[in-house]
file input26.tsv (TSV, C-alpha atoms)
chain	number	residue	atom	x	y	z
F	1	MET	CA	0.00	0.00	0.00
F	2	LYS	CA	1.30	3.45	-0.91
F	3	LYS	CA	2.87	5.37	1.94
F	4	ASP	CA	1.81	8.92	2.85
F	5	ASN	CA	-1.40	8.42	0.86
F	6	LYS	CA	-4.50	10.60	0.67
F	7	ASN	CA	-5.90	9.16	3.90
F	8	VAL	CA	-2.84	10.41	5.76
F	9	ILE	CA	-3.35	13.87	4.27
F	10	TYR	CA	-7.04	13.85	5.24
F	11	TRP	CA	-6.05	12.82	8.77
F	12	LEU	CA	-3.65	15.76	9.11
F	13	LEU	CA	-6.10	18.26	7.62
F	14	THR	CA	-8.82	16.97	9.97
F	15	GLY	CA	-6.41	17.71	12.81
F	16	CYS	CA	-6.00	21.27	11.47
F	17	ILE	CA	-9.77	21.77	11.40
F	18	LEU	CA	-10.17	20.45	14.94
F	19	ILE	CA	-7.41	22.71	16.27
F	20	PHE	CA	-9.15	25.61	14.53
F	21	ILE	CA	-12.45	24.71	16.23
F	22	MET	CA	-10.71	24.39	19.58
F	23	VAL	CA	-9.15	27.84	19.23
F	24	VAL	CA	-12.56	29.31	18.38
F	25	VAL	CA	-14.16	27.67	21.42
F	26	GLY	CA	-11.17	28.76	23.50
F	27	GLY	CA	-11.78	32.35	22.38
F	28	ILE	CA	-15.44	32.13	23.37
F	29	THR	CA	-14.40	30.61	26.70
F	30	ARG	CA	-12.10	33.54	27.36
F	31	LEU	CA	-14.56	36.24	26.24
F	32	THR	CA	-17.41	34.77	28.31
F	33	HIS	CA	-15.09	34.49	31.34
F	34	SER	CA	-15.76	30.76	31.55
F	35	GLY	CA	-12.19	29.50	31.83
F	36	LEU	CA	-12.09	29.05	35.60
F	37	SER	CA	-15.45	27.32	35.99
F	38	ILE	CA	-13.90	23.83	36.23
F	39	SER	CA	-11.31	23.99	38.96
F	40	ASN	CA	-10.08	20.39	38.84
F	41	TYR	CA	-8.64	18.19	36.11
F	42	LYS	CA	-9.88	14.66	35.48
F	43	LEU	CA	-8.61	13.23	32.22
F	44	ILE	CA	-11.22	10.47	31.80
F	45	SER	CA	-14.15	11.17	34.13
F	46	GLY	CA	-13.97	14.89	33.32
F	47	THR	CA	-15.24	14.10	29.84
F	48	ILE	CA	-18.74	13.58	31.23
F	49	PRO	CA	-20.38	16.74	32.62
F	50	PRO	CA	-22.64	16.70	35.69
F	51	ILE	CA	-25.79	14.80	34.75
F	52	ASN	CA	-28.09	15.40	37.70
F	53	GLU	CA	-28.88	18.12	40.21
F	54	ALA	CA	-26.68	16.62	42.93
F	55	GLU	CA	-23.64	16.52	40.66
F	56	TRP	CA	-24.27	20.09	39.48
F	57	ASN	CA	-24.50	21.30	43.06
F	58	ALA	CA	-21.27	19.49	43.94
F	59	ALA	CA	-19.49	21.14	40.97
F	60	PHE	CA	-20.92	24.53	41.96
F	61	ASP	CA	-19.81	24.05	45.58
F	62	LEU	CA	-16.29	23.31	44.35
F	63	TYR	CA	-16.35	26.49	42.24
F	64	LYS	CA	-17.40	28.48	45.31
F	65	GLN	CA	-14.15	27.55	47.04
F	66	TYR	CA	-12.05	29.59	44.60
F	67	PRO	CA	-11.39	33.33	44.26
F	68	GLU	CA	-13.37	33.92	41.06
F	69	TYR	CA	-16.64	33.10	42.80
F	70	GLN	CA	-15.66	34.69	46.11
F	71	LYS	CA	-14.43	37.99	44.64
F	72	ILE	CA	-16.34	38.40	41.38
F	73	ASN	CA	-19.22	35.98	40.85
F	74	ASN	CA	-20.64	35.55	44.35
F	75	GLN	CA	-24.05	36.61	43.01
F	76	PHE	CA	-24.10	33.61	40.62
F	77	THR	CA	-27.00	31.20	40.64
F	78	LEU	CA	-26.64	27.56	39.66
F	79	GLN	CA	-27.91	28.43	36.16
F	80	ASP	CA	-25.26	31.14	35.79
F	81	PHE	CA	-22.64	28.58	36.73
F	82	LYS	CA	-24.00	26.08	34.20
F	83	ASP	CA	-23.69	28.70	31.46
F	84	ILE	CA	-19.98	29.30	32.00
F	85	TYR	CA	-19.28	25.63	32.78
F	86	PHE	CA	-20.49	24.62	29.31
F	87	TRP	CA	-17.82	26.50	27.36
F	88	GLU	CA	-14.90	25.35	29.49
F	89	TRP	CA	-16.19	21.76	29.42
F	90	LEU	CA	-16.60	21.88	25.62
F	91	HIS	CA	-13.11	23.31	25.24
F	92	ARG	CA	-11.61	20.48	27.27
F	93	VAL	CA	-13.64	17.77	25.53
F	94	ILE	CA	-12.50	18.99	22.11
F	95	GLY	CA	-8.92	18.85	23.38
F	96	ARG	CA	-9.36	15.21	24.40
F	97	PHE	CA	-11.05	14.42	21.08
F	98	ILE	CA	-8.12	15.94	19.19
F	99	GLY	CA	-5.79	13.65	21.12
F	100	ILE	CA	-7.82	10.60	20.05
F	101	VAL	CA	-7.97	11.80	16.43
F	102	PHE	CA	-4.20	12.15	16.35
F	103	ILE	CA	-3.18	9.01	18.24
F	104	LEU	CA	-5.54	6.29	16.94
F	105	PRO	CA	-5.14	6.97	13.19
F	106	PHE	CA	-1.38	7.36	13.71
F	107	LEU	CA	-1.21	3.88	15.25
F	108	TYR	CA	-3.38	2.51	12.44
F	109	PHE	CA	-1.18	4.05	9.72
F	110	LEU	CA	1.92	2.88	11.58
F	111	ILE	CA	0.73	-0.73	11.84
F	112	ARG	CA	-0.36	-0.70	8.19
F	113	LYS	CA	3.02	0.77	7.20
F	114	GLN	CA	1.41	3.70	5.42
F	115	LEU	CA	3.82	6.31	6.78
F	116	THR	CA	7.32	7.13	5.60
F	117	LYS	CA	10.06	7.58	8.21
F	118	PRO	CA	10.06	11.41	7.88
F	119	THR	CA	6.28	11.51	8.39
F	120	ILE	CA	6.52	9.21	11.41
F	121	LYS	CA	9.05	11.55	13.03
F	122	LYS	CA	6.92	14.60	12.26
F	123	SER	CA	3.78	12.88	13.58
F	124	ILE	CA	5.49	11.96	16.86
F	125	LEU	CA	6.55	15.60	17.24
F	126	LEU	CA	2.95	16.68	16.56
F	127	MET	CA	1.62	14.41	19.29
F	128	PHE	CA	4.20	15.75	21.72
F	129	MET	CA	3.14	19.29	20.82
F	130	GLY	CA	-0.50	18.35	21.39
F	131	GLY	CA	0.26	16.84	24.79
F	132	PHE	CA	2.30	19.89	25.77
F	133	GLN	CA	-0.58	22.09	24.69
F	134	GLY	CA	-2.88	20.23	27.08
F	135	PHE	CA	-0.38	20.74	29.89
F	136	LEU	CA	-0.17	24.46	29.11
F	137	GLY	CA	-3.96	24.69	29.31
F	138	TRP	CA	-4.02	23.34	32.86
F	139	PHE	CA	-0.89	25.35	33.75
F	140	MET	CA	-2.80	28.46	32.64
F	141	VAL	CA	-5.96	27.60	34.58
F	142	LYS	CA	-3.97	26.98	37.78
F	143	SER	CA	-2.72	30.57	37.70
F	144	GLY	CA	-6.31	31.79	38.13
F	145	LEU	CA	-7.17	29.54	41.06
F	146	VAL	CA	-5.07	31.46	43.53
F	147	GLU	CA	-5.57	34.90	45.10
F	148	ARG	CA	-5.98	36.77	41.80
F	149	PRO	CA	-9.09	35.35	40.04
F	150	ASP	CA	-7.75	35.67	36.52
F	151	VAL	CA	-5.26	33.62	34.54
F	152	SER	CA	-1.74	34.87	33.96
F	153	HIS	CA	-1.54	36.69	30.63
F	154	TYR	CA	1.89	35.11	30.14
F	155	ARG	CA	0.43	31.62	30.49
F	156	LEU	CA	-2.52	32.53	28.30
F	157	ALA	CA	-0.08	33.69	25.62
F	158	MET	CA	1.88	30.45	25.93
F	159	HIS	CA	-1.32	28.38	25.62
F	160	LEU	CA	-2.70	30.31	22.65
F	161	THR	CA	0.60	30.60	20.79
F	162	ALA	CA	1.30	26.90	21.25
F	163	ALA	CA	-2.11	26.14	19.69
F	164	PHE	CA	-1.34	28.39	16.72
F	165	ILE	CA	2.10	26.84	16.24
F	166	THR	CA	0.71	23.30	16.52
F	167	PHE	CA	-1.84	24.14	13.85
F	168	ALA	CA	0.80	25.69	11.59
F	169	TYR	CA	3.10	22.69	11.91
F	170	THR	CA	0.26	20.21	11.31
F	171	PHE	CA	-0.69	22.17	8.20
F	172	TRP	CA	2.97	22.22	7.11
F	173	VAL	CA	3.28	18.43	7.43
F	174	ALA	CA	0.09	18.02	5.35
F	175	LEU	CA	1.47	20.42	2.73
F	176	ASP	CA	4.68	18.37	2.57
F	177	LEU	CA	2.56	15.43	1.45
F	178	ILE	CA	0.32	17.43	-0.88
F	179	TYR	CA	3.27	19.15	-2.57
F	180	PRO	CA	6.16	16.67	-2.29
F	181	ASN	CA	8.28	18.43	-4.92
F	182	LYS	CA	9.39	21.87	-3.80
F	183	LYS	CA	11.88	24.25	-5.35
F	184	ILE	CA	13.44	27.44	-4.07
F	185	ILE	CA	11.97	30.24	-6.17
F	186	ASP	CA	13.99	32.99	-4.50
F	187	LEU	CA	16.03	32.53	-1.34
F	188	LYS	CA	15.71	36.18	-0.28
F	189	PHE	CA	11.95	36.12	-0.82
F	190	ARG	CA	11.60	32.93	1.21
F	191	ASN	CA	13.52	34.56	4.07
F	192	LEU	CA	11.27	37.62	3.74
F	193	ILE	CA	8.23	35.41	4.36
F	194	ARG	CA	10.02	33.68	7.24
F	195	CYS	CA	10.55	37.03	8.93
F	196	GLY	CA	6.89	37.81	8.29
F	197	LEU	CA	5.91	34.60	10.06
F	198	VAL	CA	8.00	35.57	13.11
F	199	LEU	CA	6.47	39.05	13.11
F	200	LEU	CA	2.97	37.60	12.90
F	201	LEU	CA	3.63	35.24	15.82
F	202	LEU	CA	4.84	38.21	17.86
F	203	GLN	CA	1.59	40.00	17.08
F	204	ILE	CA	-0.39	36.90	18.09
F	205	ILE	CA	1.49	36.85	21.42
F	206	TYR	CA	0.59	40.49	22.01
F	207	GLY	CA	-3.00	39.72	21.06
F	208	ALA	CA	-2.99	37.14	23.85
F	209	PHE	CA	-1.47	39.72	26.23
F	210	VAL	CA	-4.30	42.12	25.35
F	211	ALA	CA	-6.87	39.38	26.02
F	212	GLY	CA	-5.22	38.25	29.24
F	213	LEU	CA	-5.02	41.77	30.67
F	214	ASP	CA	-8.45	42.84	29.33
F	215	ALA	CA	-6.58	45.66	27.63
F	216	GLY	CA	-9.12	45.87	24.84
F	217	PHE	CA	-11.57	47.63	27.16
F	218	LEU	CA	-9.64	50.90	27.31
F	219	HIS	CA	-8.47	53.43	24.70
F	220	ASN	CA	-11.43	52.49	22.51
F	221	HIS	CA	-10.65	55.07	19.87
F	222	TRP	CA	-8.98	54.91	16.48
F	223	PRO	CA	-6.68	55.94	14.86
F	224	LEU	CA	-5.51	57.86	17.96
F	225	MET	CA	-5.72	56.76	21.57
F	226	ASN	CA	-7.76	58.58	24.24
F	227	ASP	CA	-7.74	62.39	24.25
F	228	GLY	CA	-6.65	62.44	20.60
F	229	LYS	CA	-3.12	61.34	21.42
F	230	LEU	CA	-0.85	59.15	19.33
F	231	ILE	CA	0.72	57.82	22.54
F	232	HIS	CA	-1.38	58.18	25.67
F	233	GLU	CA	0.65	59.00	28.79
F	234	SER	CA	-0.70	55.91	30.57
F	235	VAL	CA	1.30	53.81	28.10
F	236	TYR	CA	4.53	54.51	29.97
F	237	ILE	CA	3.53	55.40	33.55
F	238	GLU	CA	1.51	52.38	34.73
F	239	GLN	CA	4.48	50.18	35.62
F	240	SER	CA	8.02	50.60	36.86
F	241	PRO	CA	10.59	50.13	35.43
F	242	ILE	CA	9.27	51.55	32.16
F	243	ILE	CA	9.87	48.35	30.17
F	244	LYS	CA	7.21	46.56	32.24
F	245	ASN	CA	4.58	48.85	30.74
F	246	PHE	CA	4.97	47.03	27.43
F	247	ILE	CA	4.59	43.51	28.79
F	248	GLU	CA	2.38	43.96	31.88
F	249	GLY	CA	0.68	47.36	31.57
F	250	LYS	CA	-2.74	47.41	29.93
F	251	SER	CA	-2.14	50.63	28.02
F	252	GLY	CA	1.39	49.67	27.01
F	253	VAL	CA	0.38	46.22	25.78
F	254	GLN	CA	-2.51	47.65	23.77
F	255	PHE	CA	-0.15	50.30	22.35
F	256	ILE	CA	2.24	47.61	21.10
F	257	HIS	CA	-0.57	45.48	19.67
F	258	ARG	CA	-2.30	48.33	17.85
F	259	TYR	CA	0.88	49.81	16.30
F	260	LEU	CA	2.48	46.45	15.58
F	261	ALA	CA	-0.63	45.84	13.44
F	262	TYR	CA	0.51	48.62	11.09
F	263	ILE	CA	3.92	46.97	10.81
F	264	VAL	CA	2.37	43.57	10.06
F	265	VAL	CA	0.16	45.06	7.36
F	266	GLY	CA	3.04	47.00	5.86
F	267	TYR	CA	5.30	43.97	5.89
F	268	ILE	CA	2.72	41.76	4.18
F	269	VAL	CA	2.17	44.47	1.55
F	270	LEU	CA	5.95	44.31	1.01
F	271	ILE	CA	5.77	40.51	0.62
F	272	TRP	CA	2.97	40.89	-1.90
F	273	HIS	CA	4.82	43.61	-3.82
F	274	ARG	CA	8.08	41.64	-3.96
F	275	GLY	CA	6.16	38.50	-4.85
F	276	LYS	CA	4.69	40.15	-7.95
F	277	LYS	CA	8.20	40.40	-9.41
F	278	ILE	CA	8.95	36.69	-9.03
F	279	GLN	CA	8.05	34.13	-11.67
F	280	LYS	CA	5.50	31.88	-10.01
F	281	ASN	CA	2.73	29.39	-10.65
F	282	ASN	CA	-0.96	29.90	-9.90
F	283	THR	CA	-0.77	28.30	-6.45
F	284	GLN	CA	2.04	30.60	-5.38
F	285	GLN	CA	0.28	33.62	-6.82
F	286	ASN	CA	-2.94	32.74	-4.97
F	287	ALA	CA	-0.95	32.29	-1.77
F	288	ILE	CA	0.39	35.84	-1.66
F	289	HIS	CA	-2.90	37.35	-2.87
F	290	SER	CA	-4.80	35.58	-0.08
F	291	LEU	CA	-2.21	36.77	2.42
F	292	LEU	CA	-2.81	40.38	1.39
F	293	ALA	CA	-6.59	40.06	1.48
F	294	ILE	CA	-6.72	38.37	4.87
F	295	VAL	CA	-4.37	40.83	6.58
F	296	PHE	CA	-6.58	43.77	5.54
F	297	ILE	CA	-9.70	41.97	6.79
F	298	GLN	CA	-7.90	41.29	10.07
F	299	PHE	CA	-6.80	44.91	10.36
F	300	LEU	CA	-10.37	46.16	9.92
F	301	LEU	CA	-11.69	43.60	12.41
F	302	GLY	CA	-9.10	44.77	14.93
F	303	ILE	CA	-10.29	48.37	14.54
F	304	PHE	CA	-13.97	47.52	15.00
F	305	THR	CA	-13.23	45.14	17.89
F	306	LEU	CA	-11.46	48.01	19.64
F	307	LEU	CA	-14.09	50.65	18.84
F	308	TYR	CA	-16.95	48.47	20.09
F	309	ARG	CA	-15.05	47.34	23.23
F	310	VAL	CA	-14.57	43.68	22.32
F	311	PRO	CA	-18.08	42.31	21.80
F	312	LEU	CA	-18.18	38.51	21.72
F	313	THR	CA	-18.82	38.18	17.97
F	314	LEU	CA	-16.08	40.59	16.88
F	315	GLY	CA	-13.63	39.25	19.46
F	316	VAL	CA	-14.07	35.69	18.21
F	317	LEU	CA	-13.94	36.77	14.55
F	318	HIS	CA	-10.71	38.67	15.22
F	319	GLN	CA	-9.16	35.51	16.62
F	320	VAL	CA	-10.53	33.36	13.80
F	321	VAL	CA	-9.06	35.60	11.10
F	322	ALA	CA	-5.72	35.67	12.96
F	323	PHE	CA	-5.80	31.89	12.64
F	324	LEU	CA	-6.55	32.13	8.90
F	325	LEU	CA	-3.77	34.68	8.49
F	326	LEU	CA	-1.27	32.32	10.10
F	327	GLY	CA	-2.50	29.54	7.84
F	328	SER	CA	-2.07	31.77	4.79
F	329	MET	CA	1.44	32.77	5.89
F	330	THR	CA	2.35	29.12	6.45
F	331	PHE	CA	0.97	28.19	3.03
F	332	SER	CA	2.87	31.04	1.36
F	333	LEU	CA	6.13	30.04	3.03
F	334	HIS	CA	5.66	26.43	2.02
F	335	ARG	CA	4.96	27.26	-1.58
F	336	PHE	CA	8.11	29.37	-1.81
F	337	SER	CA	10.36	26.88	0.00
F	338	LYS	CA	12.68	24.16	-1.20
call {"tool": "encode", "arguments": {"input": "input26.tsv", "output": "C-alpha cells"}}
result
Amino acid sequence: MKKDNKNVIYWLLTGCILIFIMVVVGGITRLTHSGLSISNYKLISGTIPPINEAEWNAAFDLYKQYPEYQKINNQFTLQDFKDIYFWEWLHRVIGRFIGIVFILPFLYFLIRKQLTKPTIKKSILLMFMGGFQGFLGWFMVKSGLVERPDVSHYRLAMHLTAAFITFAYTFWVALDLIYPNKKIIDLKFRNLIRCGLVLLLLQIIYGAFVAGLDAGFLHNHWPLMNDGKLIHESVYIEQSPIIKNFIEGKSGVQFIHRYLAYIVVGYIVLIWHRGKKIQKNNTQQNAIHSLLAIVFIQFLLGIFTLLYRVPLTLGVLHQVVAFLLLGSMTFSLHRFSK
C-alpha cells in the first residue's frame, strides 16, 4: 500500500480543522469568562459533565471555594454557573477528542506501514506538541485559582501561541505530502516570508497579552488613543521600570498590539509587492494574494473590535481571522520553500 497516501493527508487536515475549532471555542471561553469554571482536572471522568442536580451542586460548591466566585461571581445562581461551565467543558472535551484523532489513526497508519520515516518523526513531534498544549492549558488555569481570580496573561499567551504553532506545523506536514516536490523560487523572498511569520507570531502573542489583561476595554478610539493622542501618557507610567509597561501594563500592551498591526500590514504588503516580481505558478500567486486580502480583513476587524469594546462576535472573529492569516502565511512560506 502506498505510503503517505490521501488518507494520511485527510487525517492531518482533519487535525488542522479540529485545532481551529478548539481555538474558536477557547476564544469564546475567554470572552465569556468561563475558563475558571472547572477547577479540577480529570482526564477520563472529566469528559462527562454533571448529569443530575446533585452533581451540578457538587461542581458549583467546588467552584465556590475559589477566588473567582468569592471575589467576582458571588451573586451567581446555579444556572449562571452552568452557562460558563459549558464553554470550558466543551473546550476540554474537544482537546481530548483531538488527542484521540491524532493518536488512533497514527497507530493505524503505523501498523499498516502507510507512513514514511520522515512523516513518522513529524507525527510523533505533533503528538508531543498536542500533549504539551494540554499541559499548558491546565498550567494556565492553575494561575487563576489562587488569590488573583484571573489567569496569567503570560500563560494565556503560551497556551494560545502553542495552539497556533501546533496548527501551523500540522498544516505544514500536510502540505509536505500534498506538494512533495518543492523548489526554491527565490532565497531572499523565502527569508522575507520567514521574517513575516515571526512578526505575525509576535503580534499573536501580544493579542494574547491584550486578552489576558483585558486591555481591549480601554483606549477604545482609532486611529488615535484617548484624548486624541498618538501615545497616551498611561502607556509609559503604569508600571516601573518603564519596560514593564509594554509587557504587563494594559495601556502599554494595547499600544504595542495596535501599532504592531501597522507593521504587520506594511510587511505583508511588502511581501505581496516583492512576490509580484517573481516568476511563479498559480498556487504561489494565490498564496500571496490571499495573504494580502486576509491581513486587511484582520486589520479592519481589529479596529472595530477596539471601537466596540470587544463584543463577543467581533472578538471571536478577530481571533478566527488571525488563525486564517497564520494559515495563509504558512501556506505562502511552504509554496516558496525548497
call {"tool": "closest_residue", "arguments": {"input": "input26.tsv", "among": "F:Lys182, F:His257, F:Arg30, F:Arg335", "to": "Val141 in chain F", "atoms": "only C-alpha atoms"}}
result
F:Arg30
call {"tool": "atom_distance", "arguments": {"input": "input26.tsv", "atom1": "CA of Phe139 in chain F", "atom2": "CA of Ser39 in chain F"}}
result
11.7 Å
call {"tool": "residues_around", "arguments": {"input": "input26.tsv", "residues": "Ser234 in chain F", "least_positions_apart": "6", "cutoff": "10 Å", "atoms": "all atoms listed in the file", "output": "tab-separated table (two decimals) with C-alpha atoms, keeping the file's coordinate frame"}}
result
chain	number	residue	atom	x	y	z
F	226	ASN	CA	-7.76	58.58	24.24
F	245	ASN	CA	4.58	48.85	30.74
F	249	GLY	CA	0.68	47.36	31.57
F	250	LYS	CA	-2.74	47.41	29.93
F	251	SER	CA	-2.14	50.63	28.02
F	252	GLY	CA	1.39	49.67	27.01
F	255	PHE	CA	-0.15	50.30	22.35
call {"tool": "closest_residue", "arguments": {"input": "input26.tsv", "among": "F:Gln284, F:Thr166, F:Asn73, F:Ser34", "to": "Gly134 in chain F", "atoms": "all atoms listed in the file"}}
result
F:Thr166
call {"tool": "residues_near_point", "arguments": {"input": "input26.tsv", "point": "(-20.1, 26.0, 32.0)", "cutoff": "10 Å", "atoms": "all atoms listed in the file", "output": "list in words"}}
result
Thr29, Thr32, His33, Ser34, Gly35, Leu36, Ser37, Ile38, Pro49, Gln79, Asp80, Phe81, Lys82, Asp83, Ile84, Tyr85, Phe86, Trp87, Glu88, Trp89 and Leu90 of chain F
call {"tool": "write_last_selection", "arguments": {"input": "input26.tsv", "atoms": "C-alpha atoms", "output": "PDB file, in the coordinates of the input"}}
result
ATOM      1  CA  THR F  29     -14.400  30.610  26.700  1.00  0.00           C
ATOM      2  CA  THR F  32     -17.410  34.770  28.310  1.00  0.00           C
ATOM      3  CA  HIS F  33     -15.090  34.490  31.340  1.00  0.00           C
ATOM      4  CA  SER F  34     -15.760  30.760  31.550  1.00  0.00           C
ATOM      5  CA  GLY F  35     -12.190  29.500  31.830  1.00  0.00           C
ATOM      6  CA  LEU F  36     -12.090  29.050  35.600  1.00  0.00           C
ATOM      7  CA  SER F  37     -15.450  27.320  35.990  1.00  0.00           C
ATOM      8  CA  ILE F  38     -13.900  23.830  36.230  1.00  0.00           C
ATOM      9  CA  PRO F  49     -20.380  16.740  32.620  1.00  0.00           C
ATOM     10  CA  GLN F  79     -27.910  28.430  36.160  1.00  0.00           C
ATOM     11  CA  ASP F  80     -25.260  31.140  35.790  1.00  0.00           C
ATOM     12  CA  PHE F  81     -22.640  28.580  36.730  1.00  0.00           C
ATOM     13  CA  LYS F  82     -24.000  26.080  34.200  1.00  0.00           C
ATOM     14  CA  ASP F  83     -23.690  28.700  31.460  1.00  0.00           C
ATOM     15  CA  ILE F  84     -19.980  29.300  32.000  1.00  0.00           C
ATOM     16  CA  TYR F  85     -19.280  25.630  32.780  1.00  0.00           C
ATOM     17  CA  PHE F  86     -20.490  24.620  29.310  1.00  0.00           C
ATOM     18  CA  TRP F  87     -17.820  26.500  27.360  1.00  0.00           C
ATOM     19  CA  GLU F  88     -14.900  25.350  29.490  1.00  0.00           C
ATOM     20  CA  TRP F  89     -16.190  21.760  29.420  1.00  0.00           C
ATOM     21  CA  LEU F  90     -16.600  21.880  25.620  1.00  0.00           C
TER      22      LEU F  90
END
call {"tool": "residues_around", "arguments": {"input": "input26.tsv", "residues": "His232 in chain F", "least_positions_apart": "4", "cutoff": "12 Å", "atoms": "all atoms listed in the file", "output": "ChimeraX atom specification"}}
result
/F:218-221,224-228,236-238,250-252,254-255
call {"tool": "closest_residue", "arguments": {"input": "input26.tsv", "among": "F:Ser332, F:Ile193, F:His159, F:Phe109", "to": "Ile9 in chain F", "atoms": "all atoms listed in the file"}}
result
F:Phe109
